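A.B. asks: One structure coming up, written as structure tokens, with questions to follow.
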Amino acid sequence: MSVTNLVGLDKAHAPQHSPQTLVETTNFADQETMPVLLPDMFVSFLAQKPRVNPHYATIKAESEAWMERKCNLGERMHRKISKCDFSYFCSVAAPEAEPERLRTLCDWGNWVFPWDDAEIAFDNGELRQDPHMATKMMASLLATMRSENPPLDKTPLIEVHDTVWERLMKDSSPGIRKRFLKAMTNYCNGALEHVNSQSQHRTPTLEEQLATRRRSAGVTPLFALVEYAHRINLPDEIFENPSIKALEQLGIDFVVLQNDIISYCKKKVDSLFLFHSSLDCSRIQYLLQIENVFHNLVAICRAAGMPAQHAFNQVNSMLTTRYHEWYLALTDLSQ
């Protein structure tokens, strides 16, 4: 999961891969490098310079310091959260939010990174192949929002998330709370699907992985949080409109596809095998299982036997198609 890379960010905050940058990485067999051309991530409406909430810098500092104190994350994790800069993402997503409401949005964003994408939890952490403990952790996360009896031994990260829910309960509509709870439930279910696949050493198809990633990417909770941050008050039936639903799914796909193009090259993966064109499919699948990167769509394409450049091109083609679908959905909405 990650909503932390590119959608809504300007080029100053983007990884140095855009536009169409050649990335060199070390292959597994002979320590040689081979280039892979990454597509321009800033096209269509993303080519525009975004508006940034004027309270960004102040809220970023407050939220990150609070997270470090509440969760005792340590200097290393604090640096990661600061470098990830989810507060910037939130400040672009909600450029008109008041400071207090922007803070809630940023607190959630700074929570989701250590929860999902770091050593603590699911993507790369100790729970990634432990379905029983992962299910227990997710149930604990959802308990307060579902008005169930919460566990007595809640972790600091769950306590942080509880404060976000408390703020929504205090000052948001029933519809926003309903949509946020539904989104968080889907996110938890998607993350657990990843854990189950990894624990069973099962390779999903590209279609199966995209369906799971739509739930586990953590994008849909942001929709409800931006409603809250901007005090948007719309009838619940608006969100059942087919064009609105199509735009929501496309927004999720933009984040998932862009994230997977960029994040495939990071961490220990880029020092191993993934750009070595002579590895056969079974060897790629074996190494992918070792490195736990089956939550990445580019990796799924590689596991199916695609050469590295072809795999990147395939995911980028999926992304390009969605830009076209975005404008069609907007046209349908205006009719």
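Letters A, B, ... mark the chains of the structure tokens in the order given; residue numbers begin at 1 per chain; ligand numbers begin at 1, in order shown.
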Mind checking which residues fall within 10 Å of stretch 50-58 of chain A, counting only C-alpha atoms, ignoring those fewer than 6 positions away in the same chain, and posting them as a PDB file with N, CA, C and O atoms, in the first residue's frame?
C.D. replies:
ATOM      1  N   GLY A   8      -1.087  14.330  -7.067  1.00  0.00           N
ATOM      2  CA  GLY A   8      -1.256  15.596  -6.383  1.00  0.00           C
ATOM      3  C   GLY A   8       0.034  16.294  -6.010  1.00  0.00           C
ATOM      4  O   GLY A   8       0.013  17.426  -5.564  1.00  0.00           O
ATOM      5  N   LEU A   9       1.180  15.658  -6.196  1.00  0.00           N
ATOM      6  CA  LEU A   9       2.435  16.279  -5.812  1.00  0.00           C
ATOM      7  C   LEU A   9       3.039  17.028  -6.982  1.00  0.00           C
ATOM      8  O   LEU A   9       2.849  16.673  -8.127  1.00  0.00           O
ATOM      9  N   ASP A  10       3.803  18.079  -6.687  1.00  0.00           N
ATOM     10  CA  ASP A  10       4.464  18.771  -7.778  1.00  0.00           C
ATOM     11  C   ASP A  10       5.846  18.191  -7.992  1.00  0.00           C
ATOM     12  O   ASP A  10       6.322  17.354  -7.232  1.00  0.00           O
ATOM     13  N   LYS A  11       6.513  18.647  -9.033  1.00  0.00           N
ATOM     14  CA  LYS A  11       7.761  18.009  -9.418  1.00  0.00           C
ATOM     15  C   LYS A  11       8.871  18.238  -8.401  1.00  0.00           C
ATOM     16  O   LYS A  11       9.803  17.455  -8.302  1.00  0.00           O
ATOM     17  N   SER A  87       2.285  15.157   4.837  1.00  0.00           N
ATOM     18  CA  SER A  87       1.609  16.423   5.120  1.00  0.00           C
ATOM     19  C   SER A  87       1.530  17.303   3.873  1.00  0.00           C
ATOM     20  O   SER A  87       0.562  18.056   3.706  1.00  0.00           O
ATOM     21  N   TYR A  88       2.535  17.214   3.005  1.00  0.00           N
ATOM     22  CA  TYR A  88       2.469  17.956   1.752  1.00  0.00           C
ATOM     23  C   TYR A  88       1.350  17.414   0.874  1.00  0.00           C
ATOM     24  O   TYR A  88       0.562  18.157   0.277  1.00  0.00           O
ATOM     25  N   PHE A  89       1.302  16.099   0.775  1.00  0.00           N
ATOM     26  CA  PHE A  89       0.221  15.451   0.009  1.00  0.00           C
ATOM     27  C   PHE A  89      -1.134  15.930   0.513  1.00  0.00           C
ATOM     28  O   PHE A  89      -2.014  16.318  -0.265  1.00  0.00           O
ATOM     29  N   CYS A  90      -1.321  15.924   1.816  1.00  0.00           N
ATOM     30  CA  CYS A  90      -2.606  16.336   2.396  1.00  0.00           C
ATOM     31  C   CYS A  90      -2.870  17.818   2.162  1.00  0.00           C
ATOM     32  O   CYS A  90      -4.025  18.223   1.957  1.00  0.00           O
ATOM     33  N   SER A  91      -1.826  18.624   2.175  1.00  0.00           N
ATOM     34  CA  SER A  91      -1.984  20.059   1.965  1.00  0.00           C
ATOM     35  C   SER A  91      -2.344  20.386   0.529  1.00  0.00           C
ATOM     36  O   SER A  91      -2.930  21.436   0.248  1.00  0.00           O
ATOM     37  N   VAL A  92      -1.996  19.511  -0.389  1.00  0.00           N
ATOM     38  CA  VAL A  92      -2.435  19.644  -1.777  1.00  0.00           C
ATOM     39  C   VAL A  92      -3.857  19.118  -1.931  1.00  0.00           C
ATOM     40  O   VAL A  92      -4.685  19.702  -2.636  1.00  0.00           O
ATOM     41  N   ALA A  93      -4.152  18.017  -1.253  1.00  0.00           N
ATOM     42  CA  ALA A  93      -5.494  17.432  -1.340  1.00  0.00           C
ATOM     43  C   ALA A  93      -6.555  18.337  -0.722  1.00  0.00           C
ATOM     44  O   ALA A  93      -7.711  18.334  -1.156  1.00  0.00           O
ATOM     45  N   ALA A  94      -6.177  19.111   0.287  1.00  0.00           N
ATOM     46  CA  ALA A  94      -7.126  19.993   0.991  1.00  0.00           C
ATOM     47  C   ALA A  94      -6.528  21.387   1.127  1.00  0.00           C
ATOM     48  O   ALA A  94      -6.198  21.835   2.231  1.00  0.00           O
ATOM     49  N   PRO A  95      -6.389  22.121   0.023  1.00  0.00           N
ATOM     50  CA  PRO A  95      -5.680  23.416   0.072  1.00  0.00           C
ATOM     51  C   PRO A  95      -6.424  24.498   0.839  1.00  0.00           C
ATOM     52  O   PRO A  95      -5.820  25.495   1.220  1.00  0.00           O
ATOM     53  N   GLU A  96      -7.729  24.316   1.074  1.00  0.00           N
ATOM     54  CA  GLU A  96      -8.508  25.336   1.765  1.00  0.00           C
ATOM     55  C   GLU A  96      -8.907  24.933   3.176  1.00  0.00           C
ATOM     56  O   GLU A  96      -9.683  25.633   3.829  1.00  0.00           O
ATOM     57  N   ALA A  97      -8.368  23.843   3.658  1.00  0.00           N
ATOM     58  CA  ALA A  97      -8.752  23.361   4.988  1.00  0.00           C
ATOM     59  C   ALA A  97      -8.219  24.276   6.079  1.00  0.00           C
ATOM     60  O   ALA A  97      -7.114  24.816   5.987  1.00  0.00           O
ATOM     61  N   GLU A  98      -9.019  24.431   7.126  1.00  0.00           N
ATOM     62  CA  GLU A  98      -8.573  25.168   8.300  1.00  0.00           C
ATOM     63  C   GLU A  98      -7.478  24.372   9.007  1.00  0.00           C
ATOM     64  O   GLU A  98      -7.397  23.155   8.875  1.00  0.00           O
ATOM     65  N   PRO A  99      -6.621  25.052   9.783  1.00  0.00           N
ATOM     66  CA  PRO A  99      -5.476  24.353  10.408  1.00  0.00           C
ATOM     67  C   PRO A  99      -5.872  23.120  11.212  1.00  0.00           C
ATOM     68  O   PRO A  99      -5.231  22.066  11.094  1.00  0.00           O
ATOM     69  N   GLU A 100      -6.918  23.227  12.030  1.00  0.00           N
ATOM     70  CA  GLU A 100      -7.301  22.100  12.877  1.00  0.00           C
ATOM     71  C   GLU A 100      -7.711  20.893  12.048  1.00  0.00           C
ATOM     72  O   GLU A 100      -7.366  19.755  12.373  1.00  0.00           O
ATOM     73  N   LEU A 102      -6.914  20.360   8.792  1.00  0.00           N
ATOM     74  CA  LEU A 102      -5.744  19.876   8.065  1.00  0.00           C
ATOM     75  C   LEU A 102      -4.898  18.997   8.975  1.00  0.00           C
ATOM     76  O   LEU A 102      -4.359  17.973   8.530  1.00  0.00           O
ATOM     77  N   ARG A 103      -4.799  19.354  10.230  1.00  0.00           N
ATOM     78  CA  ARG A 103      -4.022  18.560  11.180  1.00  0.00           C
ATOM     79  C   ARG A 103      -4.583  17.141  11.286  1.00  0.00           C
ATOM     80  O   ARG A 103      -3.821  16.160  11.323  1.00  0.00           O
ATOM     81  N   CYS A 106      -3.493  15.295   8.195  1.00  0.00           N
ATOM     82  CA  CYS A 106      -2.068  14.981   8.236  1.00  0.00           C
ATOM     83  C   CYS A 106      -1.747  13.911   9.286  1.00  0.00           C
ATOM     84  O   CYS A 106      -0.872  13.057   9.057  1.00  0.00           O
TER      85      CYS A 106
END
A.B. asks: From stretch 43-105 of chain A, collect each residue whose DSSP state is alpha helix (DSSP H) and return the set as a PyMOL selection string.
C.D. replies: chain A and resi 56-71+74-84+86-93+99-105
A.B. asks: Which residues are near stretch 136-146 of chain A? Cut-off 8 Å, only C-alpha atoms, ignore same chain within fewer than 3 positions. Put them as a PDB file with N, CA and C atoms, in the first residue's frame.
C.D. replies:
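The file below, result_8.pdb, is the result:
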ATOM      1  N   HIS A 132      -3.118 -14.727  11.323  1.00  0.00           N
ATOM      2  CA  HIS A 132      -3.841 -14.688  12.595  1.00  0.00           C
ATOM      3  C   HIS A 132      -3.576 -13.375  13.332  1.00  0.00           C
ATOM      4  N   MET A 133      -2.320 -13.014  13.491  1.00  0.00           N
ATOM      5  CA  MET A 133      -1.999 -11.787  14.203  1.00  0.00           C
ATOM      6  C   MET A 133      -2.423 -10.548  13.411  1.00  0.00           C
ATOM      7  N   ASN A 149     -16.195  -3.581  21.809  1.00  0.00           N
ATOM      8  CA  ASN A 149     -15.319  -3.511  22.967  1.00  0.00           C
ATOM      9  C   ASN A 149     -13.868  -3.539  22.502  1.00  0.00           C
ATOM     10  N   PRO A 150     -13.145  -2.438  22.668  1.00  0.00           N
ATOM     11  CA  PRO A 150     -11.762  -2.418  22.195  1.00  0.00           C
ATOM     12  C   PRO A 150     -10.872  -3.251  23.109  1.00  0.00           C
ATOM     13  N   PRO A 151      -9.767  -3.765  22.587  1.00  0.00           N
ATOM     14  CA  PRO A 151      -8.845  -4.524  23.437  1.00  0.00           C
ATOM     15  C   PRO A 151      -8.192  -3.607  24.463  1.00  0.00           C
ATOM     16  N   LYS A 154      -4.222  -1.945  23.466  1.00  0.00           N
ATOM     17  CA  LYS A 154      -4.092  -1.287  22.180  1.00  0.00           C
ATOM     18  C   LYS A 154      -2.680  -0.721  22.003  1.00  0.00           C
ATOM     19  N   ILE A 158      -2.640   2.326  17.155  1.00  0.00           N
ATOM     20  CA  ILE A 158      -4.101   2.238  17.173  1.00  0.00           C
ATOM     21  C   ILE A 158      -4.682   3.369  18.009  1.00  0.00           C
ATOM     22  N   HIS A 161      -4.836   6.372  15.815  1.00  0.00           N
ATOM     23  CA  HIS A 161      -5.962   6.332  14.880  1.00  0.00           C
ATOM     24  C   HIS A 161      -7.282   6.580  15.593  1.00  0.00           C
ATOM     25  N   ASP A 162      -7.412   6.118  16.819  1.00  0.00           N
ATOM     26  CA  ASP A 162      -8.630   6.379  17.587  1.00  0.00           C
ATOM     27  C   ASP A 162      -8.867   7.880  17.760  1.00  0.00           C
ATOM     28  N   TRP A 165     -10.541   9.223  14.696  1.00  0.00           N
ATOM     29  CA  TRP A 165     -11.969   8.883  14.692  1.00  0.00           C
ATOM     30  C   TRP A 165     -12.736   9.760  15.680  1.00  0.00           C
ATOM     31  N   LEU A 181     -15.635   4.839   7.709  1.00  0.00           N
ATOM     32  CA  LEU A 181     -15.613   3.495   8.296  1.00  0.00           C
ATOM     33  C   LEU A 181     -15.634   2.425   7.209  1.00  0.00           C
ATOM     34  N   MET A 184     -12.164   2.346   5.634  1.00  0.00           N
ATOM     35  CA  MET A 184     -11.168   1.721   6.490  1.00  0.00           C
ATOM     36  C   MET A 184     -11.376   0.214   6.571  1.00  0.00           C
ATOM     37  N   THR A 185     -12.633  -0.219   6.558  1.00  0.00           N
ATOM     38  CA  THR A 185     -12.907  -1.661   6.558  1.00  0.00           C
ATOM     39  C   THR A 185     -12.384  -2.304   5.282  1.00  0.00           C
ATOM     40  N   CYS A 188      -8.592  -2.512   5.447  1.00  0.00           N
ATOM     41  CA  CYS A 188      -8.156  -3.624   6.295  1.00  0.00           C
ATOM     42  C   CYS A 188      -8.308  -4.957   5.574  1.00  0.00           C
TER      43      CYS A 188
END
A.B. asks: Counting only C-alpha atoms, which residue out of A:Phe312, A:Trp108, A:Trp66, A:Trp115 sits closest to A:Ala191?
C.D. replies: A:Trp115
A.B. asks: Using only C-alpha atoms, which of A:Cys71, A:Leu330, A:Ile261, A:Leu222 sits nearest A:His310?
C.D. replies: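 When distances to A:His310 are compared using only C-alpha atoms, the smallest one comes from A:Ile261.
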A.B. asks: Atom CA of A:Trp111 and atom CA of A:Pro156 are how many Å apart?
C.D. replies: 10.3 Å
A.B. asks: Just want the 12 Å neighbourhood of A:Ser44, counted on only C-alpha atoms, with same-chain residues fewer than 4 positions away dropped. Output as a VMD selection string.
C.D. replies: chain A and resid 7 to 8 40 48 to 49 254 319 to 324 326 to 327
A.B. asks: Using the selection just defined, write its residues with all heavy atoms as a compact mmCIF listing (two decimals), in the first residue's frame.
C.D. replies:
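To be explicit, this is the file written out as again-v9.txt:
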# COMPACT_ATOMS: atom_id res chain seq x y z
N VAL A 7 0.42 11.24 -6.85
CA VAL A 7 -0.80 11.93 -7.22
C VAL A 7 -0.97 13.19 -6.39
O VAL A 7 -0.98 13.16 -5.17
CB VAL A 7 -2.02 11.02 -7.06
CG1 VAL A 7 -3.31 11.81 -7.22
CG2 VAL A 7 -1.97 9.91 -8.10
N GLY A 8 -1.09 14.33 -7.07
CA GLY A 8 -1.26 15.60 -6.38
C GLY A 8 0.03 16.29 -6.01
O GLY A 8 0.01 17.43 -5.56
N ASP A 40 6.89 9.57 -17.73
CA ASP A 40 6.64 10.84 -17.08
C ASP A 40 5.40 10.68 -16.20
O ASP A 40 4.32 10.33 -16.69
CB ASP A 40 6.42 11.92 -18.13
CG ASP A 40 6.28 13.32 -17.52
OD1 ASP A 40 6.29 13.44 -16.28
OD2 ASP A 40 6.17 14.28 -18.31
N GLN A 48 -0.15 20.36 -13.98
CA GLN A 48 -0.40 21.68 -13.42
C GLN A 48 0.28 21.81 -12.05
O GLN A 48 0.38 20.84 -11.30
CB GLN A 48 -1.90 21.91 -13.25
CG GLN A 48 -2.70 21.74 -14.53
CD GLN A 48 -4.20 21.78 -14.26
OE1 GLN A 48 -4.64 22.40 -13.30
NE2 GLN A 48 -4.97 21.11 -15.09
N LYS A 49 0.73 23.01 -11.74
CA LYS A 49 1.28 23.26 -10.42
C LYS A 49 0.15 23.26 -9.40
O LYS A 49 -0.83 23.98 -9.54
CB LYS A 49 2.00 24.62 -10.39
CG LYS A 49 2.68 24.90 -9.06
CD LYS A 49 3.45 26.20 -9.10
CE LYS A 49 4.14 26.47 -7.76
NZ LYS A 49 4.93 27.72 -7.78
N PHE A 254 -5.09 5.77 -10.13
CA PHE A 254 -3.96 6.68 -10.37
C PHE A 254 -2.89 6.50 -9.31
O PHE A 254 -1.69 6.42 -9.61
CB PHE A 254 -4.44 8.14 -10.36
CG PHE A 254 -5.22 8.56 -11.58
CD1 PHE A 254 -6.34 9.37 -11.45
CD2 PHE A 254 -4.83 8.17 -12.85
CE1 PHE A 254 -7.06 9.77 -12.57
CE2 PHE A 254 -5.54 8.56 -13.97
CZ PHE A 254 -6.66 9.36 -13.83
N LEU A 319 -2.16 3.00 -16.82
CA LEU A 319 -2.31 4.36 -16.29
C LEU A 319 -2.82 5.31 -17.37
O LEU A 319 -3.73 6.12 -17.13
CB LEU A 319 -0.96 4.82 -15.75
CG LEU A 319 -0.89 6.22 -15.13
CD1 LEU A 319 -1.83 6.35 -13.94
CD2 LEU A 319 0.55 6.52 -14.69
N THR A 320 -2.26 5.24 -18.57
CA THR A 320 -2.68 6.11 -19.67
C THR A 320 -4.15 5.90 -20.01
O THR A 320 -4.88 6.87 -20.26
CB THR A 320 -1.80 5.84 -20.90
OG1 THR A 320 -0.43 6.07 -20.57
CG2 THR A 320 -2.20 6.74 -22.06
N THR A 321 -4.58 4.66 -20.01
CA THR A 321 -5.99 4.37 -20.28
C THR A 321 -6.89 5.06 -19.27
O THR A 321 -7.97 5.57 -19.62
CB THR A 321 -6.23 2.84 -20.23
OG1 THR A 321 -5.45 2.23 -21.26
CG2 THR A 321 -7.70 2.51 -20.43
N ARG A 322 -6.47 5.12 -18.04
CA ARG A 322 -7.31 5.72 -17.00
C ARG A 322 -7.41 7.24 -17.11
O ARG A 322 -8.41 7.81 -16.71
CB ARG A 322 -6.80 5.28 -15.62
CG ARG A 322 -7.32 3.87 -15.30
CD ARG A 322 -6.42 3.09 -14.39
NE ARG A 322 -7.00 1.77 -14.12
CZ ARG A 322 -6.88 0.73 -14.95
NH1 ARG A 322 -6.22 0.85 -16.09
NH2 ARG A 322 -7.44 -0.43 -14.65
N TYR A 323 -6.41 7.89 -17.66
CA TYR A 323 -6.56 9.32 -17.93
C TYR A 323 -7.70 9.56 -18.91
O TYR A 323 -8.51 10.48 -18.73
CB TYR A 323 -5.26 9.90 -18.48
CG TYR A 323 -4.19 10.12 -17.45
CD1 TYR A 323 -2.99 9.41 -17.49
CD2 TYR A 323 -4.36 11.05 -16.43
CE1 TYR A 323 -2.00 9.61 -16.55
CE2 TYR A 323 -3.38 11.25 -15.47
CZ TYR A 323 -2.20 10.53 -15.53
OH TYR A 323 -1.23 10.72 -14.58
N HIS A 324 -7.77 8.73 -19.93
CA HIS A 324 -8.86 8.84 -20.91
C HIS A 324 -10.20 8.58 -20.24
O HIS A 324 -11.17 9.33 -20.45
CB HIS A 324 -8.62 7.86 -22.06
CG HIS A 324 -9.71 7.85 -23.09
ND1 HIS A 324 -9.96 8.92 -23.93
CD2 HIS A 324 -10.63 6.89 -23.41
CE1 HIS A 324 -10.99 8.62 -24.72
NE2 HIS A 324 -11.39 7.40 -24.43
N TRP A 326 -10.97 9.00 -17.16
CA TRP A 326 -11.25 10.09 -16.22
C TRP A 326 -12.08 11.18 -16.91
O TRP A 326 -13.09 11.63 -16.38
CB TRP A 326 -9.94 10.64 -15.69
CG TRP A 326 -10.05 11.86 -14.82
CD1 TRP A 326 -9.96 13.16 -15.22
CD2 TRP A 326 -10.28 11.89 -13.40
NE1 TRP A 326 -10.10 14.00 -14.14
CE2 TRP A 326 -10.29 13.25 -13.01
CE3 TRP A 326 -10.45 10.91 -12.44
CZ2 TRP A 326 -10.49 13.65 -11.70
CZ3 TRP A 326 -10.64 11.31 -11.12
CH2 TRP A 326 -10.66 12.65 -10.76
N TYR A 327 -11.64 11.60 -18.08
CA TYR A 327 -12.35 12.67 -18.78
C TYR A 327 -13.70 12.20 -19.29
O TYR A 327 -14.67 12.99 -19.34
CB TYR A 327 -11.47 13.21 -19.91
CG TYR A 327 -10.31 14.03 -19.38
CD1 TYR A 327 -9.02 13.53 -19.43
CD2 TYR A 327 -10.52 15.27 -18.80
CE1 TYR A 327 -7.95 14.26 -18.93
CE2 TYR A 327 -9.46 16.01 -18.29
CZ TYR A 327 -8.18 15.50 -18.35
OH TYR A 327 -7.14 16.24 -17.83
A.B. asks: Take atom CA of A:Met318 and atom CA of A:Leu257 and report the distance between them in Å, one decimal.
C.D. replies: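 Between these atoms lies a distance of 7.7 Å.
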A.B. asks: Counting only C-alpha atoms, what is within 9 Å of stretch 206-211 of chain A, bar same-chain residues fewer than 6 positions away, as a ChimeraX atom specification?
C.D. replies: /A:190,194,253,256-257,294-297,300-301,304
A.B. asks: A:Lys80: which residues within 10 Å, counting only C-alpha atoms, same-chain residues fewer than 3 positions away excluded, as a list in words?
C.D. replies: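 Result of the neighbour search: Glu75, Arg76, Met77, Lys83, Cys84, Asp85, Phe113, Pro114 and Ala118 of chain A.
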A.B. asks: How many Å separate atom CA of A:Asn196 from atom CA of A:Pro131?
C.D. replies: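 Between these atoms lies a distance of 5.9 Å.
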A.B. asks: Of the candidates A:Ala246, A:Ile176, A:Ile59, A:Leu328, which one gets nearest to A:Arg231 if we count only C-alpha atoms?
C.D. replies: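 Counting only C-alpha atoms, the residue closest to A:Arg231 is A:Ile176.
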